[in-house]
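Q: Below you'll find the structure I mean.
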Amino acid sequence: MTAANDLFSIRMRSSACENGASKHLSGAERIVHENMLPRAALSLLDRGLHHAKGNADTLHLTVEREKPENILHLNALAVQTVKTNTSQEGLEQIRLFLEETGVGNHADEIVKLFTETPTMRGAILLDVHTMQRLEPDLERGVRASRMDADDSIPESAVNKDHFAEALVLATKVAHCPGIIGEICMSDDPDYVTGYVASMTTGYRRITTLKEMGSEKGGRIFLYGGDPKKASEAIDWLQNHPVIVHNIRRPDHVAPEKPLDPLQSLKKALEDLKDANLYRTMKTFTEAQGPHTTADGKHCVLVSSNSYLDLTAHPAVRKACSEALEQYGFGSGGSRLTTGNTEIHERLEQAIAKFKGTESAILFNTGYAANLSTIQAIMRLGGTIFSDECNHASIIDGCRLAGSRCIVYRHNDMNDLRCKIREEKPRRGMVISDAVFSMDGDILNLPEFLAICKEYGLFSMIDEAHSTGTIGVSGHGITEYFNCDLPDILIGTLSKAVGSEGGFVAGSRILTEYLRHSARSFVFSTALSPVSAAAALAGLTCIEAEPERVRALHSNIRAFTRFLQEEGLNIHSETPIIPIPVGSESLALELSETLYDAGFIIPAIRYPTVPRGKAILRAALMCSHQQEDLCRMARIIGTFFRNHALSA
Ligand SMILES: *Cc1c(COP(=O)(O)O)cnc(C)c1O
């Protein structure tokens with residue numbers, strides 16, 4: 001036999017950590033050909049991760065090569081179903097089976113053992129002559145493993161199918177030397193059907209053996225052989241590879257009823273509420289200015305990304321009306337088909353000019369720009385290095401690309417360098433936010449670029465929060481450091497620029513490549529010409545009214561000083577000023593206290609930031625009044641003192 005015909009047995013065990021102890025959650029087995037191995041491994045991992053009993057903390061996957069000549073091929077036991085309506089009726093069937101198997105004299109003892117032994121990972125191996133338990137480890141029990149159905153069981157073999165799996169196991173156990181029968185009920189709370197099985201009776205399903213929702217479960221192997229040979233039987237159960245053939249679902253065994261899909265969503269929502277992670281939305285009835293109206297209440301808005309207060313600027317409104325007049329609203333197609341207007345093209349040129357690059361290409365959102373760019377670039381192979389605090393759209397882009405992705409410590413250029421040296425990639429990219437969206441700190445761009453250059457990697461930065469906010473005239477991070485451009489510069493038109501849409505700026509080759517390969521550029525309808533007109537007007541305003549950026553910088557200095565005067569050690573050079581609270585519930589409380597005082601500044605919680613690291617994220621505008629900022633800093637200072645918090 002050649003190795004190509006070899007099979008692999010693959011076993012998954014998952015457990016959760018509970019009060020320092022490891023608790024078994026689930027286990028499953030397959031024996032598959034090499035080509036099916038990756039798929040089988042994924043499906044077992046997926047299954048082990050989430051179980052009705054909880055989420056796994058540890059997963060063990062064991063893969064072993066099986067020589068075909070060692071495999072025992074068995075025919076599945078014949079299947080019969082006995083319908084029972086209550087657990088009592090079910091247990092009566094167990095007694096009947098024990099009679100048939102010749103151990104009726106011990107029926108009471110066995111049923112007691114079956115129903116009252118705490119659920120264990122494996123089975124009890126019971127000597128039916130002496131009623132002694134023969135398993136060496138009474139807590140773990142004895143397990144049967146290294147078995148699977150042959151290919152006659154269809155697709156369901158990959159998915160969880162209680163019936164097929166139980167029949168495979170029962171068939172193996174029934175053939176074990178010395179074992180005269182098996183009784184079993186699953187510990188899965190959603191599964192009340194159990195079975196009894198032996199070579200003589202076949203596999204007998206008992207439709208109700210316990211109450212729905214009960215986590216009780218149990219399995220007893222009835223051992224009638226020589227007690228001295230029990231260890232051989234255990235070894236056979238665990239290690240002898242078995243493939244079971246002719247598994248057919250009898251007509252009377254209905255496919256398992258799928259769980260109610262909405263029920264799972266409802267539970268997920270309830271879990272969010274329990275963890276103080278449930279989100280609500282405020283409804284705005286006025287533009288995003290420093291003063292606005294939300295939920296009918298007039299407020300100071302200190303959390304908008306509209307840093308330069310351009311969303312309702314007269315020049316922006318005028319440009320929008322004109323575009324609306326000329327084109328109407330919708331663009332009618334993707335840029336490559338019918339959606340490309342003269343405004344889109346002018347906007348791309350304006351972005352390139354603003355960023356000092358050769359070229360730029362528009363996307364519908366910054367999110368789409370990141371997703372599609374990372375995917376398109378990495379399609380040609382290589383490794384991604386990504387800052388641990390990068391924005392979700394970068395993380396999602398890395399996932400979508402499917403490339404190897406190495407996460408380095410936040411803004412830690414030494415760590416980045418070490419990880420590149422370890423990996424020695426021949427091709428790849430390093431990605432970072434320019435201004436980090438939650439921490440408000442600034443990437444060490446000069447060193448970042450030097451490292452990318454040294455190792456021949458694409459440098460990609462996301463200027464969502466640096467465009468219009470840093471650099472003397474708001475041109476972003478390269479102006480701030482007065483340094484070179486990265487290879488790939490991502491940005492959004494939805495923040496300081498005051499409109500919507502995303503972009504990539506860089507060389508002409510880059511944008512040309514993306515025009516052909518970025519899937520959201522090719523397959524999504526172009527931005528409305530009205531949005532493009534607003535963005536174009538916004539960029540023009542940033543250049544034409546440099547006092548906006550100056551006022552923003554002055555507000556940043558003032559607000560951080562007010563916070564410092566309140567005893568908070570908070571510094572920022574960007575309009576993003578995180579107030580670290582920690583606990584989700586306290587963050588919500590501070591947010592509500594501020595809202596009562598007329599400030600809108602929502603609590604930012606998991607998944608945007610890690611659990612237990614909730615913050616209030618203040619975002620300043622150029623047009624905030626410093627009296628308002630001072631009043632807000634006082635409220636925050638008082639709250640920190642009252643709750644003994646420190647920053
Ligand atoms: C907001 C943001 C984006 C997404 O931009 P949208 O235009 O809102 O989709 C991307 N990256 C970062 C760093 C962001 O903060």
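As shown in the structure tokens, the chain order sets the letters A, B, ...; within each chain, residues go from 1, and ligands are also counted from 1 in the order they appear.
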Could you give me, as a ChimeraX atom specification, the residues within 10 Å of Ile615 of chain A, counting only C-alpha atoms and dropping anything in the same chain fewer than 3 positions from it?

A: /A:438-439,577-584,586-588,590-591,602-606,608-609,612,618

Q: Kindly compile the residues surrounding ligand 1 within 10 Å, counting only C-alpha atoms and all ligand atoms, and format them as an mmCIF file with N, CA, C and O atoms, in the first residue's frame.

A:
```cif
data_model
loop_
_atom_site.group_PDB
_atom_site.id
_atom_site.type_symbol
_atom_site.label_atom_id
_atom_site.label_comp_id
_atom_site.auth_asym_id
_atom_site.auth_seq_id
_atom_site.Cartn_x
_atom_site.Cartn_y
_atom_site.Cartn_z
ATOM 1 N N ASN A 305 -16.920 62.849 14.634
ATOM 2 C CA ASN A 305 -15.659 62.839 13.878
ATOM 3 C C ASN A 305 -15.575 64.002 12.896
ATOM 4 O O ASN A 305 -14.614 64.103 12.136
ATOM 5 N N PHE A 363 -13.320 55.189 -2.998
ATOM 6 C CA PHE A 363 -14.120 54.036 -2.575
ATOM 7 C C PHE A 363 -15.388 54.572 -1.902
ATOM 8 O O PHE A 363 -15.471 55.764 -1.602
ATOM 9 N N ASN A 364 -16.340 53.678 -1.640
ATOM 10 C CA ASN A 364 -17.595 54.176 -1.075
ATOM 11 C C ASN A 364 -17.498 54.532 0.394
ATOM 12 O O ASN A 364 -18.250 55.352 0.898
ATOM 13 N N THR A 365 -16.581 53.866 1.102
ATOM 14 C CA THR A 365 -16.346 54.204 2.503
ATOM 15 C C THR A 365 -14.873 53.911 2.791
ATOM 16 O O THR A 365 -14.205 53.205 2.014
ATOM 17 N N GLY A 366 -14.396 54.428 3.898
ATOM 18 C CA GLY A 366 -13.046 54.088 4.331
ATOM 19 C C GLY A 366 -12.963 52.603 4.649
ATOM 20 O O GLY A 366 -11.948 51.950 4.399
ATOM 21 N N TYR A 367 -14.039 52.075 5.178
ATOM 22 C CA TYR A 367 -14.099 50.652 5.508
ATOM 23 C C TYR A 367 -13.865 49.810 4.255
ATOM 24 O O TYR A 367 -13.029 48.904 4.231
ATOM 25 N N ALA A 368 -14.596 50.155 3.187
ATOM 26 C CA ALA A 368 -14.449 49.413 1.931
ATOM 27 C C ALA A 368 -13.050 49.593 1.353
ATOM 28 O O ALA A 368 -12.479 48.664 0.784
ATOM 29 N N ALA A 369 -12.484 50.792 1.503
ATOM 30 C CA ALA A 369 -11.142 51.049 0.967
ATOM 31 C C ALA A 369 -10.137 50.111 1.630
ATOM 32 O O ALA A 369 -9.302 49.492 0.964
ATOM 33 N N ASN A 370 -10.204 49.977 2.950
ATOM 34 C CA ASN A 370 -9.275 49.081 3.638
ATOM 35 C C ASN A 370 -9.485 47.627 3.232
ATOM 36 O O ASN A 370 -8.535 46.919 2.900
ATOM 37 N N LEU A 371 -10.733 47.185 3.279
ATOM 38 C CA LEU A 371 -11.017 45.788 2.955
ATOM 39 C C LEU A 371 -10.481 45.427 1.573
ATOM 40 O O LEU A 371 -9.742 44.466 1.401
ATOM 41 N N CYS A 389 -3.567 47.800 17.634
ATOM 42 C CA CYS A 389 -4.686 48.729 17.839
ATOM 43 C C CYS A 389 -5.305 49.210 16.530
ATOM 44 O O CYS A 389 -6.064 50.175 16.533
ATOM 45 N N ASN A 390 -4.979 48.576 15.427
ATOM 46 C CA ASN A 390 -5.547 49.022 14.158
ATOM 47 C C ASN A 390 -7.068 48.933 14.146
ATOM 48 O O ASN A 390 -7.670 48.128 14.849
ATOM 49 N N HIS A 391 -7.642 49.767 13.304
ATOM 50 C CA HIS A 391 -9.094 49.855 13.158
ATOM 51 C C HIS A 391 -9.697 48.534 12.653
ATOM 52 O O HIS A 391 -9.051 47.776 11.936
ATOM 53 N N ALA A 392 -10.947 48.305 13.024
ATOM 54 C CA ALA A 392 -11.646 47.067 12.654
ATOM 55 C C ALA A 392 -11.624 46.813 11.150
ATOM 56 O O ALA A 392 -11.550 45.665 10.713
ATOM 57 N N SER A 393 -11.668 47.881 10.352
ATOM 58 C CA SER A 393 -11.713 47.648 8.907
ATOM 59 C C SER A 393 -10.383 47.087 8.403
ATOM 60 O O SER A 393 -10.343 46.369 7.407
ATOM 61 N N ILE A 394 -9.297 47.388 9.091
ATOM 62 C CA ILE A 394 -7.999 46.806 8.729
ATOM 63 C C ILE A 394 -7.978 45.333 9.145
ATOM 64 O O ILE A 394 -7.570 44.457 8.383
ATOM 65 N N SER A 432 -0.732 50.351 9.466
ATOM 66 C CA SER A 432 -0.995 51.017 10.742
ATOM 67 C C SER A 432 -1.951 52.187 10.546
ATOM 68 O O SER A 432 -1.940 52.852 9.507
ATOM 69 N N ASP A 433 -2.763 52.437 11.570
ATOM 70 C CA ASP A 433 -3.486 53.705 11.631
ATOM 71 C C ASP A 433 -2.442 54.816 11.745
ATOM 72 O O ASP A 433 -1.386 54.609 12.354
ATOM 73 N N ALA A 434 -2.715 55.976 11.202
ATOM 74 C CA ALA A 434 -1.802 57.111 11.357
ATOM 75 C C ALA A 434 -2.074 57.780 12.704
ATOM 76 O O ALA A 434 -1.159 58.003 13.499
ATOM 77 N N VAL A 435 -3.359 58.103 12.943
ATOM 78 C CA VAL A 435 -3.792 58.502 14.283
ATOM 79 C C VAL A 435 -4.729 57.384 14.730
ATOM 80 O O VAL A 435 -5.657 57.020 13.997
ATOM 81 N N PHE A 436 -4.463 56.804 15.892
ATOM 82 C CA PHE A 436 -5.241 55.640 16.321
ATOM 83 C C PHE A 436 -6.624 56.078 16.778
ATOM 84 O O PHE A 436 -6.764 57.017 17.569
ATOM 85 N N SER A 437 -7.628 55.358 16.275
ATOM 86 C CA SER A 437 -8.998 55.867 16.372
ATOM 87 C C SER A 437 -9.536 55.895 17.797
ATOM 88 O O SER A 437 -10.440 56.659 18.087
ATOM 89 N N MET A 438 -9.003 55.087 18.683
ATOM 90 C CA MET A 438 -9.496 55.093 20.062
ATOM 91 C C MET A 438 -8.519 55.769 21.021
ATOM 92 O O MET A 438 -8.928 56.411 21.977
ATOM 93 N N ILE A 461 -0.692 53.125 5.463
ATOM 94 C CA ILE A 461 -1.212 53.804 6.642
ATOM 95 C C ILE A 461 -2.635 54.278 6.385
ATOM 96 O O ILE A 461 -3.029 54.547 5.250
ATOM 97 N N ASP A 462 -3.379 54.354 7.460
ATOM 98 C CA ASP A 462 -4.779 54.732 7.378
ATOM 99 C C ASP A 462 -4.925 56.117 8.016
ATOM 100 O O ASP A 462 -4.788 56.279 9.227
ATOM 101 N N GLU A 463 -5.201 57.105 7.170
ATOM 102 C CA GLU A 463 -5.250 58.495 7.631
ATOM 103 C C GLU A 463 -6.671 58.960 7.959
ATOM 104 O O GLU A 463 -6.966 60.160 7.866
ATOM 105 N N ALA A 464 -7.542 58.015 8.359
ATOM 106 C CA ALA A 464 -8.932 58.387 8.642
ATOM 107 C C ALA A 464 -9.017 59.556 9.630
ATOM 108 O O ALA A 464 -9.808 60.480 9.443
ATOM 109 N N HIS A 465 -8.189 59.507 10.697
ATOM 110 C CA HIS A 465 -8.290 60.536 11.730
ATOM 111 C C HIS A 465 -7.187 61.579 11.665
ATOM 112 O O HIS A 465 -7.165 62.497 12.476
ATOM 113 N N SER A 466 -6.253 61.438 10.735
ATOM 114 C CA SER A 466 -5.172 62.426 10.679
ATOM 115 C C SER A 466 -5.409 63.454 9.583
ATOM 116 O O SER A 466 -4.870 64.554 9.632
ATOM 117 N N ILE A 490 -4.408 55.284 2.944
ATOM 118 C CA ILE A 490 -5.863 55.121 2.964
ATOM 119 C C ILE A 490 -6.458 56.324 3.677
ATOM 120 O O ILE A 490 -5.830 56.879 4.590
ATOM 121 N N GLY A 491 -7.632 56.718 3.299
ATOM 122 C CA GLY A 491 -8.274 57.805 4.029
ATOM 123 C C GLY A 491 -9.772 57.734 3.899
ATOM 124 O O GLY A 491 -10.312 56.901 3.163
ATOM 125 N N THR A 492 -10.426 58.587 4.651
ATOM 126 C CA THR A 492 -11.881 58.659 4.529
ATOM 127 C C THR A 492 -12.281 60.114 4.334
ATOM 128 O O THR A 492 -11.593 61.039 4.783
ATOM 129 N N LEU A 493 -13.389 60.297 3.644
ATOM 130 C CA LEU A 493 -13.930 61.644 3.434
ATOM 131 C C LEU A 493 -15.047 61.911 4.429
ATOM 132 O O LEU A 493 -15.727 62.929 4.374
ATOM 133 N N SER A 494 -15.239 60.956 5.366
ATOM 134 C CA SER A 494 -16.394 61.015 6.253
ATOM 135 C C SER A 494 -16.092 61.684 7.584
ATOM 136 O O SER A 494 -16.983 61.888 8.386
ATOM 137 N N LYS A 495 -14.840 62.008 7.840
ATOM 138 C CA LYS A 495 -14.507 62.571 9.146
ATOM 139 C C LYS A 495 -14.237 64.064 8.993
ATOM 140 O O LYS A 495 -15.175 64.816 8.744
ATOM 141 N N SER A 499 -17.881 64.735 4.535
ATOM 142 C CA SER A 499 -18.829 64.121 3.605
ATOM 143 C C SER A 499 -18.896 62.630 3.881
ATOM 144 O O SER A 499 -19.034 62.219 5.033
ATOM 145 N N GLU A 500 -18.764 61.824 2.850
ATOM 146 C CA GLU A 500 -18.649 60.379 3.022
ATOM 147 C C GLU A 500 -17.844 59.829 1.855
ATOM 148 O O GLU A 500 -17.690 60.481 0.832
ATOM 149 N N GLY A 501 -17.341 58.604 2.042
ATOM 150 C CA GLY A 501 -16.515 57.997 1.003
ATOM 151 C C GLY A 501 -15.122 57.735 1.541
ATOM 152 O O GLY A 501 -14.709 58.327 2.541
ATOM 153 N N GLY A 502 -14.425 56.811 0.877
ATOM 154 C CA GLY A 502 -13.052 56.511 1.271
ATOM 155 C C GLY A 502 -12.133 56.716 0.082
ATOM 156 O O GLY A 502 -12.601 56.922 -1.039
ATOM 157 N N PHE A 503 -10.832 56.678 0.326
ATOM 158 C CA PHE A 503 -9.906 56.799 -0.805
ATOM 159 C C PHE A 503 -8.604 56.076 -0.536
ATOM 160 O O PHE A 503 -8.271 55.754 0.608
#
```

Q: For Thr58 of chain A, work out the shell of residues within 9 Å, counting only C-alpha atoms and skipping chain neighbours fewer than 6 positions away, then give it as a PyMOL selection string.

A: chain A and resi 13-17+22+49

Q: Skip segment 596-601 of chain A itself and residues of its chain fewer than 4 positions away, then list as a list in words all residues within 10 Å of it, counting only C-alpha atoms.

A: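 With the cut-off at 10 Å, the set is Lys282, Pro290, His291, Thr292, Thr293, Ala294, Lys297, His298, Cys299, Val300, Leu301, Val302, Ser303, Ser304, Leu588, Leu590, Ser591, Glu592, Leu616, Arg617, Ala618, Ala619, Asp628, Leu629, Arg631, Met632 and Ile635 of chain A.
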
Q: Just the residues within 8 Å of segment 29-42 of chain A, please, counting only C-alpha atoms, with nothing from its chain fewer than 6 positions along; format it as a ChimeraX atom specification.

A: /A:4-12,61,145-149,158,243

Q: Write the residues you've just listed into a file as a short mmCIF file (atom, residue, chain, number, x, y, z; two decimals), in the first residue's frame, and include N, CA, C and O atoms for each of them.

A:
```cif
data_model
loop_
_atom_site.label_atom_id
_atom_site.label_comp_id
_atom_site.auth_asym_id
_atom_site.auth_seq_id
_atom_site.Cartn_x
_atom_site.Cartn_y
_atom_site.Cartn_z
N ALA A 4 -0.32 7.23 -0.10
CA ALA A 4 -1.43 8.04 -0.61
C ALA A 4 -2.78 7.44 -0.22
O ALA A 4 -3.78 8.13 -0.14
N ASN A 5 -2.79 6.11 0.03
CA ASN A 5 -4.06 5.49 0.43
C ASN A 5 -4.31 5.56 1.92
O ASN A 5 -5.33 5.10 2.40
N ASP A 6 -3.34 6.07 2.64
CA ASP A 6 -3.47 6.10 4.08
C ASP A 6 -4.59 7.02 4.51
O ASP A 6 -4.93 7.99 3.83
N LEU A 7 -5.12 6.68 5.66
CA LEU A 7 -6.15 7.51 6.24
C LEU A 7 -5.57 8.19 7.48
O LEU A 7 -4.52 7.76 7.98
N PHE A 8 -6.24 9.19 7.93
CA PHE A 8 -5.81 9.87 9.16
C PHE A 8 -6.96 9.84 10.15
O PHE A 8 -8.10 10.11 9.79
N SER A 9 -6.63 9.50 11.37
CA SER A 9 -7.67 9.67 12.37
C SER A 9 -7.45 11.03 13.00
O SER A 9 -6.31 11.47 13.21
N ILE A 10 -8.51 11.71 13.24
CA ILE A 10 -8.43 13.06 13.78
C ILE A 10 -9.42 13.16 14.93
O ILE A 10 -10.56 12.75 14.82
N ARG A 11 -8.90 13.65 16.06
CA ARG A 11 -9.71 13.70 17.28
C ARG A 11 -9.69 15.10 17.86
O ARG A 11 -8.63 15.71 17.93
N MET A 12 -10.82 15.59 18.25
CA MET A 12 -10.91 16.91 18.87
C MET A 12 -11.47 16.74 20.28
O MET A 12 -12.42 16.00 20.49
N LEU A 61 -6.38 18.93 19.26
CA LEU A 61 -6.64 18.27 18.00
C LEU A 61 -5.50 17.27 17.81
O LEU A 61 -4.33 17.65 17.84
N SER A 145 -12.49 5.66 20.84
CA SER A 145 -12.12 6.65 19.84
C SER A 145 -11.46 5.95 18.66
O SER A 145 -11.36 4.74 18.63
N ARG A 146 -11.02 6.75 17.69
CA ARG A 146 -10.47 6.26 16.41
C ARG A 146 -11.53 5.47 15.66
O ARG A 146 -11.41 4.26 15.49
N MET A 147 -12.53 6.18 15.23
CA MET A 147 -13.58 5.51 14.47
C MET A 147 -14.31 6.56 13.63
O MET A 147 -14.28 7.74 13.92
N ASP A 148 -14.92 6.06 12.58
CA ASP A 148 -15.73 6.96 11.75
C ASP A 148 -16.63 6.10 10.88
O ASP A 148 -16.44 4.90 10.77
N ALA A 149 -17.59 6.77 10.26
CA ALA A 149 -18.40 6.09 9.26
C ALA A 149 -17.63 6.12 7.94
O ALA A 149 -16.79 6.99 7.74
N VAL A 158 -19.65 15.56 8.13
CA VAL A 158 -18.80 16.68 8.51
C VAL A 158 -19.51 17.50 9.57
O VAL A 158 -18.90 18.01 10.50
N ILE A 243 -13.73 1.51 10.95
CA ILE A 243 -14.63 2.25 10.04
C ILE A 243 -15.93 1.46 9.93
O ILE A 243 -15.92 0.25 9.73
#
```
